[in-house]
Amino acid sequence: MRFSMLPQVFAQMFKKPFTNKFPAKYTPDSTTKFMENVQNGKTQIIPPVPPPEGFRGKIQYDKEKCIGCQLCLKVCPSEAIEFKPEEKKIKIYLARCTFCSQCNDICPVNCLSMSKDFLLADTDKYSKELTVE
Amino acid sequence: MSKATTKTSYQLPIGPIHPALKEPVMFEFEIEGERIVNVDVALGHVHRSIEWAGTKRNPVQILYLAERICGICSYCHPMCFALGVEKIAKIVVPDRANYLRIIHAELERICSHILWAGVAAHEVGFDSVLFLTWQMREKALDLTEYLTGNRVTKAITMIGGVRRDITEDMHPKILETLDYFKENFEKLRHVFLDDKTFMLRSQGCGILTKEDALKLCAVGPTTRASGVKKDVRLDQPYFAYGDLDFDYVTPDVLTGEVNGDVYDRIIVRLLEVKQSIELIEQCIKNMPAGEIVAEKKIAKLLATLKKIKGEGIGRMEAPRGEVFHYVKLNESDAPYSWKVRAPTYSNILPWIPMLKGQQIADIPIVAASTDPCMSCTNRVAVVHKNERHILDKEMLHRMSVEKTRRLMT
Amino acid sequence: MTEYLTPEDLVKSFTDKFQLKIKESHAEKYAYGSKKTEFSQIWMRIDNSIFKDVVKHLFTFDKYPHFAVSSGYDMGNSIELVYHFSIYNGERNREVSINITVELPKSNPVIETISDLIPGAVISEQEKQEMLGVKIHGIPKDARVFISDDFPEGVFPWRRDETGPHKVARNLHGVKK
């Protein structure tokens, strides 16, 4: 059977594409201009495929519930959590976070949870979007 | 040329970073014409001092450090570490947790073997098979994301059990993915094992005899393809493998004879994918009820581990072979000593007898058939007498593809 | 067919042959799964002088014992190496792991090679040489395997004394704002 992949390749031409769609139908000439148009409402962006339940995205912190026990600092593998002694609350640096959600498991009052947010790219490691406090 | 040319052998270094090799490894080949006469191996290019970093962290943090040792066996390293620590602390893992651990391990084995099948096809020149297999793999990764929260770094290990449960409402999705694999397994098998070009390319190539495999302590599918029955899941059953019904996978299950060449390694890996699908089904059917972790309060677990002293060993069968972890705890926060042995390190010395006598164009497929870790790119320098020619990644890959075309005509 | 000895018989075979040179030995059993299938691991602590003979004695049980890796650590005044072997693989639930601990004084950390008996042990022995400063007598290939060539001589990363890697390690944590 010399060309065993040929039937496969032909069948693929008539099927729906397996990959998820790109945000724009055709590649835009300038990405920043495209993003501006989306903000203004001039063009629509094809939304990303939603991640399933239980996806470990950006961490969310409920400040009132936190009691300042510092258990989450003990288990963070990359030391991404900093304790603020004067307020007895924590500050999480997403630039170092490994999204393991171990801090969620150990917290005695359940004030930490993981959202589905994964589009977190930024140029500054310590910008406001990448710190949670 | 009026001068008589004498036949001299010249040195060909390959590596440290090369497309066919997943980990950076430095080879020095001595070649005469196109045949390889001698091979020398040098390692150490991605040494990250992980074991030293592990002696400065507590056991829960080490679980996540261990996960990042390798992307594909990212489930086996923390699990092996947990096995070692559980032996020291005499923690009894609940039955349900053991079955859940098997499901994740077998799912990772399916993902890894299918990825390898695509890479092996790419080395030979069959790019359409690469895309077919990676398309199938996407389904397995979607299932992993649904069960654990992430596609690659699963973070589902905890000392004493697992972190997430698989409830009844998750079963339909798992069974649907398994059905998809069962339907498409025949396609994969047909392309790899019945295709004449593939057979011509891989049979008789890169042979590892049974005696060499035993003496050099090779592990995993590399050694099973040479007829050696070594599989940690059956030799020393961990988790709940002692309850399940399966057997060693050697090439004579399918073809009736054992040659130890690249073709046999393909057979072993494809049969293992089938075996993994059956094991997951058995686990889902027989899953006992109960707890998923021995000690729920992690702070209490850390406090207990801080007080014990002892040494323990964890051994597991990763997709590539036997993963070995040795842990020594000495009544402090961090372990006193931690030794990791990834399976590729045992499978590197067998490259030497496998590559002697082969052609240069066979190097990618033979090296890839033992399934080392991730691929990067760099150049190959060919020193021919006094001139230096640089062969880069495309050139070496092109040589491999051209050999396939020559065989086809 | 291989004759399978029980772990207690294996330990007894070693202690009968080597008597007092084996300082400590015991077999531990572990049970897994709902059916509680068991397997055993043997731990032995031996004297350096009989090391190679002990490894040769392993060959009387299994023609090709499997060598996994050798680990080592610094205990202050001495260096301890642990060699991990396993025998009887090939049949379901028969494998027994054998771990041999050897203590070497820091003043003279020399041990015999086993790569003539088990060729697959070369890489592990080279690693001990560069990480702990142990001298392996008779090693076929004396070269660095994991550490790069420009790493300073005389610094052994796994040691906890003055030859440890303190000056070479960089503290990457001091960069947070």
# chains A, B, ... in the order shown; residues from 1 in each chain; ligands from 1

$ residues_around --residues "Glu138 of chain B" --least-positions-apart "5" --cutoff "9 Å" --atoms "only C-alpha atoms" --output "JSON, numbers by chain"
{"B": [111, 133, 143]}

$ write_last_selection --atoms "C-alpha atoms" --output "PDB file, in the first residue's frame"
ATOM      1  CA  CYS B 111      -0.788  11.448  24.768  1.00  0.00           C
ATOM      2  CA  THR B 133      -1.660  11.999  14.946  1.00  0.00           C
ATOM      3  CA  LEU B 143      -9.910  15.456  28.137  1.00  0.00           C
TER       4      LEU B 143
END

$ residues_around --residues "Arg341 of chain B" --least-positions-apart "3" --cutoff "9 Å" --atoms "only C-alpha atoms" --output "list in words"
Glu322, Val323, Phe324, His325, Tyr326, Thr344, Tyr345 and Ser346 of chain B; Ala68 and Val69 of chain C

$ write_last_selection --atoms "C-alpha atoms" --output "PDB file, in the first residue's frame"
ATOM      1  CA  GLU B 322      11.326   3.559  34.468  1.00  0.00           C
ATOM      2  CA  VAL B 323      11.408   6.752  36.500  1.00  0.00           C
ATOM      3  CA  PHE B 324      13.288   6.423  39.763  1.00  0.00           C
ATOM      4  CA  HIS B 325      13.228   8.765  42.736  1.00  0.00           C
ATOM      5  CA  TYR B 326      15.169   8.371  45.962  1.00  0.00           C
ATOM      6  CA  THR B 344      16.257   8.731  28.981  1.00  0.00           C
ATOM      7  CA  TYR B 345      19.511   8.617  30.912  1.00  0.00           C
ATOM      8  CA  SER B 346      19.384   4.848  30.909  1.00  0.00           C
TER       9      SER B 346
ATOM     10  CA  ALA C  68      18.796   1.894  38.181  1.00  0.00           C
ATOM     11  CA  VAL C  69      21.015   4.686  39.532  1.00  0.00           C
TER      12      VAL C  69
END

$ interface_residues --of "chain B" --to "chain C" --cutoff "6 Å" --atoms "only C-alpha atoms" --output "number ranges by chain"
B: 43-44, 215-217, 229-230, 234-236, 238-240, 242, 339

$ write_last_selection --atoms "C-alpha atoms" --output "PDB file, in the first residue's frame"
ATOM      1  CA  LEU B  43      25.676  14.869  28.109  1.00  0.00           C
ATOM      2  CA  GLY B  44      24.873  17.653  30.473  1.00  0.00           C
ATOM      3  CA  LYS B 215      23.776  -5.292  29.961  1.00  0.00           C
ATOM      4  CA  LEU B 216      23.255  -1.582  29.393  1.00  0.00           C
ATOM      5  CA  CYS B 217      20.152  -1.580  31.639  1.00  0.00           C
ATOM      6  CA  LYS B 229      10.261  -8.176  29.693  1.00  0.00           C
ATOM      7  CA  LYS B 230      10.764  -5.171  31.931  1.00  0.00           C
ATOM      8  CA  LEU B 234       3.903  -5.600  36.296  1.00  0.00           C
ATOM      9  CA  ASP B 235       7.175  -6.310  38.101  1.00  0.00           C
ATOM     10  CA  GLN B 236       6.483  -4.246  41.215  1.00  0.00           C
ATOM     11  CA  TYR B 238       2.317   0.258  42.459  1.00  0.00           C
ATOM     12  CA  PHE B 239      -1.043   2.116  42.640  1.00  0.00           C
ATOM     13  CA  ALA B 240      -3.623  -0.537  41.827  1.00  0.00           C
ATOM     14  CA  GLY B 242      -1.959  -5.492  40.790  1.00  0.00           C
ATOM     15  CA  LYS B 339      17.863  11.821  43.451  1.00  0.00           C
TER      16      LYS B 339
END

$ closest_atom_pairs --of "chain A" --to "chain C" --cutoff "10 Å" --atoms "only C-alpha atoms" --output "JSON lines"
{"residue": "A:Ser78", "atom": "CA", "partner": "C:His173", "partner_atom": "CA", "distance": 9.5}
{"residue": "A:Glu79", "atom": "CA", "partner": "C:His173", "partner_atom": "CA", "distance": 8.6}
{"residue": "A:Ala80", "atom": "CA", "partner": "C:Lys176", "partner_atom": "CA", "distance": 9.4}
{"residue": "A:Glu82", "atom": "CA", "partner": "C:Lys176", "partner_atom": "CA", "distance": 9.8}
{"residue": "A:Tyr93", "atom": "CA", "partner": "C:Lys176", "partner_atom": "CA", "distance": 9.3}
{"residue": "A:Arg96", "atom": "CA", "partner": "C:Lys176", "partner_atom": "CA", "distance": 9.9}
{"residue": "A:Tyr126", "atom": "CA", "partner": "C:Lys177", "partner_atom": "CA", "distance": 8.0}

$ closest_atom_pairs --of "chain A" --to "chain B" --cutoff "9 Å" --atoms "only C-alpha atoms" --output "JSON lines"
{"residue": "A:Met1", "atom": "CA", "partner": "B:Asp195", "partner_atom": "CA", "distance": 5.6}
{"residue": "A:Arg2", "atom": "CA", "partner": "B:Lys196", "partner_atom": "CA", "distance": 6.2}
{"residue": "A:Phe3", "atom": "CA", "partner": "B:Asp195", "partner_atom": "CA", "distance": 7.8}
{"residue": "A:Ser4", "atom": "CA", "partner": "B:Val191", "partner_atom": "CA", "distance": 6.0}
{"residue": "A:Met5", "atom": "CA", "partner": "B:Val191", "partner_atom": "CA", "distance": 6.8}
{"residue": "A:Gln8", "atom": "CA", "partner": "B:Leu132", "partner_atom": "CA", "distance": 8.8}
{"residue": "A:Val9", "atom": "CA", "partner": "B:Ser128", "partner_atom": "CA", "distance": 7.8}
{"residue": "A:Phe18", "atom": "CA", "partner": "B:Gln135", "partner_atom": "CA", "distance": 7.5}
{"residue": "A:Thr19", "atom": "CA", "partner": "B:Gln135", "partner_atom": "CA", "distance": 8.6}
{"residue": "A:Pro51", "atom": "CA", "partner": "B:Glu145", "partner_atom": "CA", "distance": 8.3}
{"residue": "A:Pro52", "atom": "CA", "partner": "B:Tyr146", "partner_atom": "CA", "distance": 5.8}
{"residue": "A:Glu53", "atom": "CA", "partner": "B:Tyr146", "partner_atom": "CA", "distance": 7.1}
{"residue": "A:Gly54", "atom": "CA", "partner": "B:Gly149", "partner_atom": "CA", "distance": 5.4}
{"residue": "A:Phe55", "atom": "CA", "partner": "B:Gly149", "partner_atom": "CA", "distance": 4.1}
{"residue": "A:Arg56", "atom": "CA", "partner": "B:Gly149", "partner_atom": "CA", "distance": 5.4}
{"residue": "A:Gly57", "atom": "CA", "partner": "B:Gly149", "partner_atom": "CA", "distance": 8.7}
{"residue": "A:Leu71", "atom": "CA", "partner": "B:Ala299", "partner_atom": "CA", "distance": 7.5}
{"residue": "A:Lys74", "atom": "CA", "partner": "B:Asn58", "partner_atom": "CA", "distance": 8.4}
{"residue": "A:Val75", "atom": "CA", "partner": "B:Gln61", "partner_atom": "CA", "distance": 5.8}
{"residue": "A:Cys76", "atom": "CA", "partner": "B:Gln61", "partner_atom": "CA", "distance": 6.5}
{"residue": "A:Pro77", "atom": "CA", "partner": "B:Gln61", "partner_atom": "CA", "distance": 4.4}
{"residue": "A:Ser78", "atom": "CA", "partner": "B:Gln61", "partner_atom": "CA", "distance": 8.1}
{"residue": "A:Thr98", "atom": "CA", "partner": "B:Tyr64", "partner_atom": "CA", "distance": 8.6}
{"residue": "A:Cys100", "atom": "CA", "partner": "B:Ala155", "partner_atom": "CA", "distance": 6.0}
{"residue": "A:Ser101", "atom": "CA", "partner": "B:Ala155", "partner_atom": "CA", "distance": 8.4}
{"residue": "A:Gln102", "atom": "CA", "partner": "B:Ala155", "partner_atom": "CA", "distance": 8.7}
{"residue": "A:Asp105", "atom": "CA", "partner": "B:Ile298", "partner_atom": "CA", "distance": 8.1}
{"residue": "A:Ile106", "atom": "CA", "partner": "B:Ile298", "partner_atom": "CA", "distance": 6.1}

$ residues_around --residues "Gln359 of chain B" --least-positions-apart "5" --cutoff "9 Å" --atoms "only C-alpha atoms" --output "PDB file with N, CA and C atoms, in the first residue's frame"
ATOM      1  N   ILE B  31      32.846   8.599  10.821  1.00  0.00           N
ATOM      2  CA  ILE B  31      32.206   7.995   9.647  1.00  0.00           C
ATOM      3  C   ILE B  31      33.187   7.707   8.547  1.00  0.00           C
ATOM      4  N   GLY B  33      32.666   7.378   4.582  1.00  0.00           N
ATOM      5  CA  GLY B  33      31.643   7.464   3.537  1.00  0.00           C
ATOM      6  C   GLY B  33      30.320   7.818   4.179  1.00  0.00           C
ATOM      7  N   GLU B  34      29.344   6.913   4.081  1.00  0.00           N
ATOM      8  CA  GLU B  34      28.061   7.185   4.716  1.00  0.00           C
ATOM      9  C   GLU B  34      27.837   6.311   5.938  1.00  0.00           C
ATOM     10  N   ARG B  35      28.738   5.364   6.207  1.00  0.00           N
ATOM     11  CA  ARG B  35      28.509   4.432   7.309  1.00  0.00           C
ATOM     12  C   ARG B  35      29.133   4.938   8.591  1.00  0.00           C
ATOM     13  N   ILE B  36      28.468   4.723   9.682  1.00  0.00           N
ATOM     14  CA  ILE B  36      28.981   5.133  10.990  1.00  0.00           C
ATOM     15  C   ILE B  36      29.850   4.006  11.528  1.00  0.00           C
TER      16      ILE B  36
END

$ atom_distance --atom1 "atom CA of Glu86 of chain B" --atom2 "atom CA of Gly314 of chain B"
9.0 Å

$ select_by_dssp --residues "segment 23-171 of chain C" --states "helix (DSSP H, G or I)" --output "PDB file with C-alpha atoms, in the first residue's frame"
ATOM      1  CA  ASN C  48      33.577  -0.581  51.531  1.00  0.00           C
ATOM      2  CA  SER C  49      36.052  -3.466  51.394  1.00  0.00           C
ATOM      3  CA  ILE C  50      33.479  -6.048  50.270  1.00  0.00           C
ATOM      4  CA  PHE C  51      31.575  -3.785  47.893  1.00  0.00           C
ATOM      5  CA  LYS C  52      32.565  -5.415  44.629  1.00  0.00           C
ATOM      6  CA  ASP C  53      32.134  -8.923  46.030  1.00  0.00           C
ATOM      7  CA  VAL C  54      28.619  -8.070  47.171  1.00  0.00           C
ATOM      8  CA  VAL C  55      27.757  -6.887  43.658  1.00  0.00           C
ATOM      9  CA  LYS C  56      29.251 -10.085  42.206  1.00  0.00           C
ATOM     10  CA  HIS C  57      27.126 -12.093  44.606  1.00  0.00           C
ATOM     11  CA  LEU C  58      24.035 -10.452  43.093  1.00  0.00           C
ATOM     12  CA  PRO C 119      28.292  -1.523  31.568  1.00  0.00           C
ATOM     13  CA  GLY C 120      25.211   0.629  32.076  1.00  0.00           C
ATOM     14  CA  ALA C 121      26.607   2.066  35.310  1.00  0.00           C
ATOM     15  CA  VAL C 122      29.211   4.317  33.695  1.00  0.00           C
ATOM     16  CA  ILE C 123      27.167   7.508  33.554  1.00  0.00           C
ATOM     17  CA  SER C 124      26.070   7.198  37.170  1.00  0.00           C
ATOM     18  CA  GLU C 125      29.638   6.707  38.364  1.00  0.00           C
ATOM     19  CA  GLN C 126      30.881   9.713  36.401  1.00  0.00           C
ATOM     20  CA  GLU C 127      28.133  11.751  38.030  1.00  0.00           C
ATOM     21  CA  LYS C 128      29.272  10.806  41.533  1.00  0.00           C
ATOM     22  CA  GLN C 129      32.802  11.814  40.694  1.00  0.00           C
ATOM     23  CA  GLU C 130      31.882  15.310  39.674  1.00  0.00           C
ATOM     24  CA  MET C 131      29.073  15.992  42.141  1.00  0.00           C
ATOM     25  CA  LEU C 132      30.612  14.642  45.331  1.00  0.00           C
TER      26      LEU C 132
END

$ atom_distance --atom1 "atom CA of Lys356 of chain B" --atom2 "atom CA of Pro221 of chain B"
20.5 Å

$ atom_distance --atom1 "atom CA of Leu270 of chain B" --atom2 "atom CA of His77 of chain B"
23.3 Å

$ select_by_dssp --residues "chain A" --states "strand (DSSP E or B)" --output "list in words"
Ile59, Gln60, Tyr61, Ile81, Glu82, Phe83, Lys84, Lys89, Ile90, Lys91, Ile92, Tyr93, Leu112, Ser113, Met114, Thr131 and Val132 of chain A

$ decode --residues "segment 308-337 of chain B" --atoms "N, CA and C atoms" --output "mmCIF file, in the first residue's frame"
data_model
loop_
_atom_site.group_PDB
_atom_site.id
_atom_site.type_symbol
_atom_site.label_atom_id
_atom_site.label_comp_id
_atom_site.auth_asym_id
_atom_site.auth_seq_id
_atom_site.Cartn_x
_atom_site.Cartn_y
_atom_site.Cartn_z
ATOM 1 N N ILE B 308 9.677 13.172 60.628
ATOM 2 C CA ILE B 308 10.098 11.795 60.410
ATOM 3 C C ILE B 308 11.470 11.732 59.774
ATOM 4 N N LYS B 309 12.019 10.532 59.876
ATOM 5 C CA LYS B 309 13.366 10.301 59.399
ATOM 6 C C LYS B 309 13.342 8.998 58.633
ATOM 7 N N GLY B 310 14.007 8.945 57.497
ATOM 8 C CA GLY B 310 14.052 7.668 56.786
ATOM 9 C C GLY B 310 14.349 7.887 55.321
ATOM 10 N N GLU B 311 14.459 6.795 54.584
ATOM 11 C CA GLU B 311 14.703 6.918 53.150
ATOM 12 C C GLU B 311 13.708 6.035 52.401
ATOM 13 N N GLY B 312 13.360 6.459 51.204
ATOM 14 C CA GLY B 312 12.356 5.717 50.449
ATOM 15 C C GLY B 312 12.594 5.848 48.968
ATOM 16 N N ILE B 313 12.024 4.910 48.245
ATOM 17 C CA ILE B 313 12.224 4.859 46.798
ATOM 18 C C ILE B 313 10.881 4.848 46.107
ATOM 19 N N GLY B 314 10.764 5.614 45.025
ATOM 20 C CA GLY B 314 9.560 5.551 44.220
ATOM 21 C C GLY B 314 9.938 5.127 42.811
ATOM 22 N N ARG B 315 9.253 4.154 42.257
ATOM 23 C CA ARG B 315 9.534 3.726 40.895
ATOM 24 C C ARG B 315 8.232 3.683 40.137
ATOM 25 N N MET B 316 8.265 4.205 38.906
ATOM 26 C CA MET B 316 7.048 4.234 38.110
ATOM 27 C C MET B 316 7.380 3.965 36.670
ATOM 28 N N GLU B 317 6.382 3.547 35.905
ATOM 29 C CA GLU B 317 6.604 3.331 34.481
ATOM 30 C C GLU B 317 6.055 4.539 33.738
ATOM 31 N N ALA B 318 6.953 5.439 33.346
ATOM 32 C CA ALA B 318 6.563 6.584 32.537
ATOM 33 C C ALA B 318 6.430 6.119 31.086
ATOM 34 N N PRO B 319 5.907 6.959 30.195
ATOM 35 C CA PRO B 319 5.819 6.508 28.799
ATOM 36 C C PRO B 319 7.169 6.108 28.208
ATOM 37 N N ARG B 320 8.262 6.683 28.747
ATOM 38 C CA ARG B 320 9.558 6.364 28.174
ATOM 39 C C ARG B 320 10.302 5.260 28.896
ATOM 40 N N GLY B 321 9.852 4.873 30.071
ATOM 41 C CA GLY B 321 10.603 3.865 30.795
ATOM 42 C C GLY B 321 10.436 4.030 32.284
ATOM 43 N N GLU B 322 11.444 3.569 33.028
ATOM 44 C CA GLU B 322 11.326 3.559 34.468
ATOM 45 C C GLU B 322 11.824 4.875 35.047
ATOM 46 N N VAL B 323 10.995 5.536 35.805
ATOM 47 C CA VAL B 323 11.408 6.752 36.500
ATOM 48 C C VAL B 323 11.720 6.351 37.930
ATOM 49 N N PHE B 324 12.820 6.869 38.457
ATOM 50 C CA PHE B 324 13.288 6.423 39.763
ATOM 51 C C PHE B 324 13.557 7.635 40.624
ATOM 52 N N HIS B 325 12.970 7.664 41.806
ATOM 53 C CA HIS B 325 13.228 8.765 42.736
ATOM 54 C C HIS B 325 13.675 8.200 44.062
ATOM 55 N N TYR B 326 14.707 8.781 44.639
ATOM 56 C CA TYR B 326 15.169 8.371 45.962
ATOM 57 C C TYR B 326 15.075 9.584 46.866
ATOM 58 N N VAL B 327 14.404 9.438 47.989
ATOM 59 C CA VAL B 327 14.208 10.571 48.894
ATOM 60 C C VAL B 327 14.735 10.195 50.260
ATOM 61 N N LYS B 328 15.434 11.117 50.909
ATOM 62 C CA LYS B 328 15.890 10.874 52.271
ATOM 63 C C LYS B 328 15.425 12.036 53.125
ATOM 64 N N LEU B 329 14.607 11.750 54.104
ATOM 65 C CA LEU B 329 14.097 12.791 54.997
ATOM 66 C C LEU B 329 14.847 12.714 56.305
ATOM 67 N N ASN B 330 15.141 13.864 56.888
ATOM 68 C CA ASN B 330 15.954 13.864 58.086
ATOM 69 C C ASN B 330 15.437 14.854 59.124
ATOM 70 N N GLU B 331 14.150 14.782 59.435
ATOM 71 C CA GLU B 331 13.550 15.590 60.500
ATOM 72 C C GLU B 331 13.728 17.084 60.272
ATOM 73 N N SER B 332 13.619 17.523 59.032
ATOM 74 C CA SER B 332 13.642 18.970 58.830
ATOM 75 C C SER B 332 12.615 19.299 57.756
ATOM 76 N N ASP B 333 12.514 20.591 57.448
ATOM 77 C CA ASP B 333 11.535 21.067 56.489
ATOM 78 C C ASP B 333 11.734 20.473 55.108
ATOM 79 N N ALA B 334 12.994 20.455 54.679
ATOM 80 C CA ALA B 334 13.297 20.038 53.311
ATOM 81 C C ALA B 334 13.965 18.677 53.349
ATOM 82 N N PRO B 335 13.859 17.874 52.299
ATOM 83 C CA PRO B 335 14.541 16.583 52.314
ATOM 84 C C PRO B 335 16.051 16.755 52.366
ATOM 85 N N TYR B 336 16.707 15.741 52.931
ATOM 86 C CA TYR B 336 18.153 15.816 53.024
ATOM 87 C C TYR B 336 18.780 15.513 51.673
ATOM 88 N N SER B 337 18.173 14.569 50.938
ATOM 89 C CA SER B 337 18.744 14.201 49.655
ATOM 90 C C SER B 337 17.610 13.763 48.743
#
